[in-house]
Amino acid sequence: MAGTACFIIVSKNDIPIYEAEVGSAAKKEEASQQHQFILHAALDIVEDLAWTTNAMFLKAVDKFNDLSVSVYVTAGHTRFMLLHDSRNEDGIKSFFQEVQELYIKILLNPLYLPSARIASSHFDTKVRALARKYL
């Protein structure tokens, strides 16, 4: 698992609907806020790239010191963003693809309102397990 990894899902309306620190590094409040800032700063780059390519996995779109921001854009323009310090592109792509399957299951739930925060503990547990497996 990556030493530092922060994962967020941002809806097409730029609303963060899920956030998780999934790295094995010690979690500090200040570092968590910095990770969120870096990811949100990369949204403009993602917006430009998403309309210029047909690829869903945009790989590393931004860097900050030794951290990279990798992005996966769904067909509905929901962005999965991962801030990490690893170089495992295949693992990151597999992580995004499996998280997309979990996200689709959430969307198919008739009680879930699109663009609402994902508060499911089951979803959170599965995402963290996928992060341990692939990152």
# chains A, B, ... in the order shown; residues from 1 in each chain; ligands from 1

$ residues_around --residues "A:Val46" --least-positions-apart "6" --cutoff "12 Å" --atoms "only C-alpha atoms" --output "list in words"
Val10, Lys12, Asp14, Leu39, His40, Thr52, Thr53, Met56, Phe57, Leu58, Lys59, Ala60, Val61, Asp62, Val69, Ser70, Val71, Tyr72, Val73, His77, Thr78, Arg79, Phe80 and Met81 of chain A

$ closest_residue --among "A:Thr74, A:Asn54, A:Ser115, A:Ser86" --to "A:Ile15" --atoms "only C-alpha atoms"
A:Ser115

$ closest_residue --among "A:Leu130, A:Ala75, A:Ala31, A:Leu83" --to "A:Val99" --atoms "only C-alpha atoms"
A:Leu130

$ atom_distance --atom1 "atom CA of A:Thr125" --atom2 "atom CA of A:Phe95"
13.8 Å

$ select_by_dssp --residues "stretch 25-79 of chain A" --states "helix (DSSP H, G or I)" --output "list of chain:residue names"
A:Glu29, A:Glu30, A:Ala31, A:Ser32, A:Gln33, A:Gln34, A:His35, A:Gln36, A:Phe37, A:Ile38, A:Leu39, A:His40, A:Ala41, A:Leu43, A:Asp44, A:Ile45, A:Val46, A:Glu47, A:Asp48, A:Leu49, A:Ala50

$ write_last_selection --atoms "N, CA, C and O atoms" --output "CSV table (one decimal), in the first residue's frame"
chain,number,residue,atom,x,y,z
A,29,GLU,N,-4.4,15.8,10.9
A,29,GLU,CA,-5.4,16.7,10.5
A,29,GLU,C,-4.9,17.6,9.4
A,29,GLU,O,-5.5,17.9,8.4
A,30,GLU,N,-3.7,18.2,9.7
A,30,GLU,CA,-3.1,19.1,8.7
A,30,GLU,C,-2.8,18.5,7.4
A,30,GLU,O,-3.0,19.1,6.3
A,31,ALA,N,-2.2,17.3,7.4
A,31,ALA,CA,-1.9,16.6,6.2
A,31,ALA,C,-3.2,16.2,5.4
A,31,ALA,O,-3.2,16.3,4.2
A,32,SER,N,-4.2,15.9,6.1
A,32,SER,CA,-5.5,15.6,5.5
A,32,SER,C,-6.1,16.8,4.8
A,32,SER,O,-6.5,16.7,3.6
A,33,GLN,N,-6.0,17.9,5.4
A,33,GLN,CA,-6.5,19.2,4.7
A,33,GLN,C,-5.6,19.5,3.5
A,33,GLN,O,-6.1,20.0,2.5
A,34,GLN,N,-4.3,19.3,3.6
A,34,GLN,CA,-3.4,19.6,2.5
A,34,GLN,C,-3.7,18.7,1.3
A,34,GLN,O,-3.8,19.1,0.2
A,35,HIS,N,-4.0,17.4,1.6
A,35,HIS,CA,-4.3,16.4,0.6
A,35,HIS,C,-5.6,16.9,-0.1
A,35,HIS,O,-5.7,16.8,-1.4
A,36,GLN,N,-6.6,17.3,0.6
A,36,GLN,CA,-7.9,17.7,0.0
A,36,GLN,C,-7.6,19.0,-0.8
A,36,GLN,O,-8.2,19.1,-1.9
A,37,PHE,N,-6.8,19.9,-0.4
A,37,PHE,CA,-6.5,21.1,-1.1
A,37,PHE,C,-5.8,20.8,-2.5
A,37,PHE,O,-6.2,21.3,-3.5
A,38,ILE,N,-4.9,19.8,-2.4
A,38,ILE,CA,-4.1,19.4,-3.7
A,38,ILE,C,-5.1,18.8,-4.7
A,38,ILE,O,-5.1,19.1,-5.8
A,39,LEU,N,-6.0,17.9,-4.2
A,39,LEU,CA,-7.0,17.3,-5.0
A,39,LEU,C,-7.9,18.3,-5.6
A,39,LEU,O,-8.2,18.2,-6.8
A,40,HIS,N,-8.4,19.2,-4.9
A,40,HIS,CA,-9.4,20.2,-5.4
A,40,HIS,C,-8.7,21.1,-6.3
A,40,HIS,O,-9.3,21.6,-7.3
A,41,ALA,N,-7.4,21.4,-6.1
A,41,ALA,CA,-6.7,22.3,-7.1
A,41,ALA,C,-6.5,21.6,-8.4
A,41,ALA,O,-6.5,22.3,-9.4
A,43,LEU,N,-8.7,19.8,-9.9
A,43,LEU,CA,-10.0,19.7,-10.6
A,43,LEU,C,-10.1,20.5,-12.0
A,43,LEU,O,-10.7,20.0,-12.9
A,44,ASP,N,-9.5,21.6,-12.0
A,44,ASP,CA,-9.5,22.4,-13.3
A,44,ASP,C,-8.7,21.7,-14.4
A,44,ASP,O,-9.1,21.7,-15.5
A,45,ILE,N,-7.6,21.1,-14.0
A,45,ILE,CA,-6.8,20.3,-15.0
A,45,ILE,C,-7.6,19.1,-15.5
A,45,ILE,O,-7.7,18.8,-16.7
A,46,VAL,N,-8.3,18.5,-14.6
A,46,VAL,CA,-9.2,17.3,-14.9
A,46,VAL,C,-10.3,17.7,-15.8
A,46,VAL,O,-10.6,17.1,-16.8
A,47,GLU,N,-10.9,18.9,-15.5
A,47,GLU,CA,-12.0,19.4,-16.4
A,47,GLU,C,-11.5,19.6,-17.8
A,47,GLU,O,-12.2,19.2,-18.8
A,48,ASP,N,-10.3,20.2,-18.0
A,48,ASP,CA,-9.8,20.4,-19.3
A,48,ASP,C,-9.5,19.1,-20.0
A,48,ASP,O,-9.8,18.9,-21.2
A,49,LEU,N,-8.8,18.2,-19.3
A,49,LEU,CA,-8.4,16.9,-19.9
A,49,LEU,C,-9.6,16.0,-20.3
A,49,LEU,O,-9.6,15.2,-21.2
A,50,ALA,N,-10.6,16.0,-19.4
A,50,ALA,CA,-11.8,15.1,-19.6
A,50,ALA,C,-12.5,15.3,-21.0
A,50,ALA,O,-13.0,14.4,-21.6

$ atom_distance --atom1 "atom CA of A:Lys93" --atom2 "atom CA of A:Lys105"
18.8 Å

$ atom_distance --atom1 "atom CA of A:Gln100" --atom2 "atom CA of A:Asp85"
21.6 Å
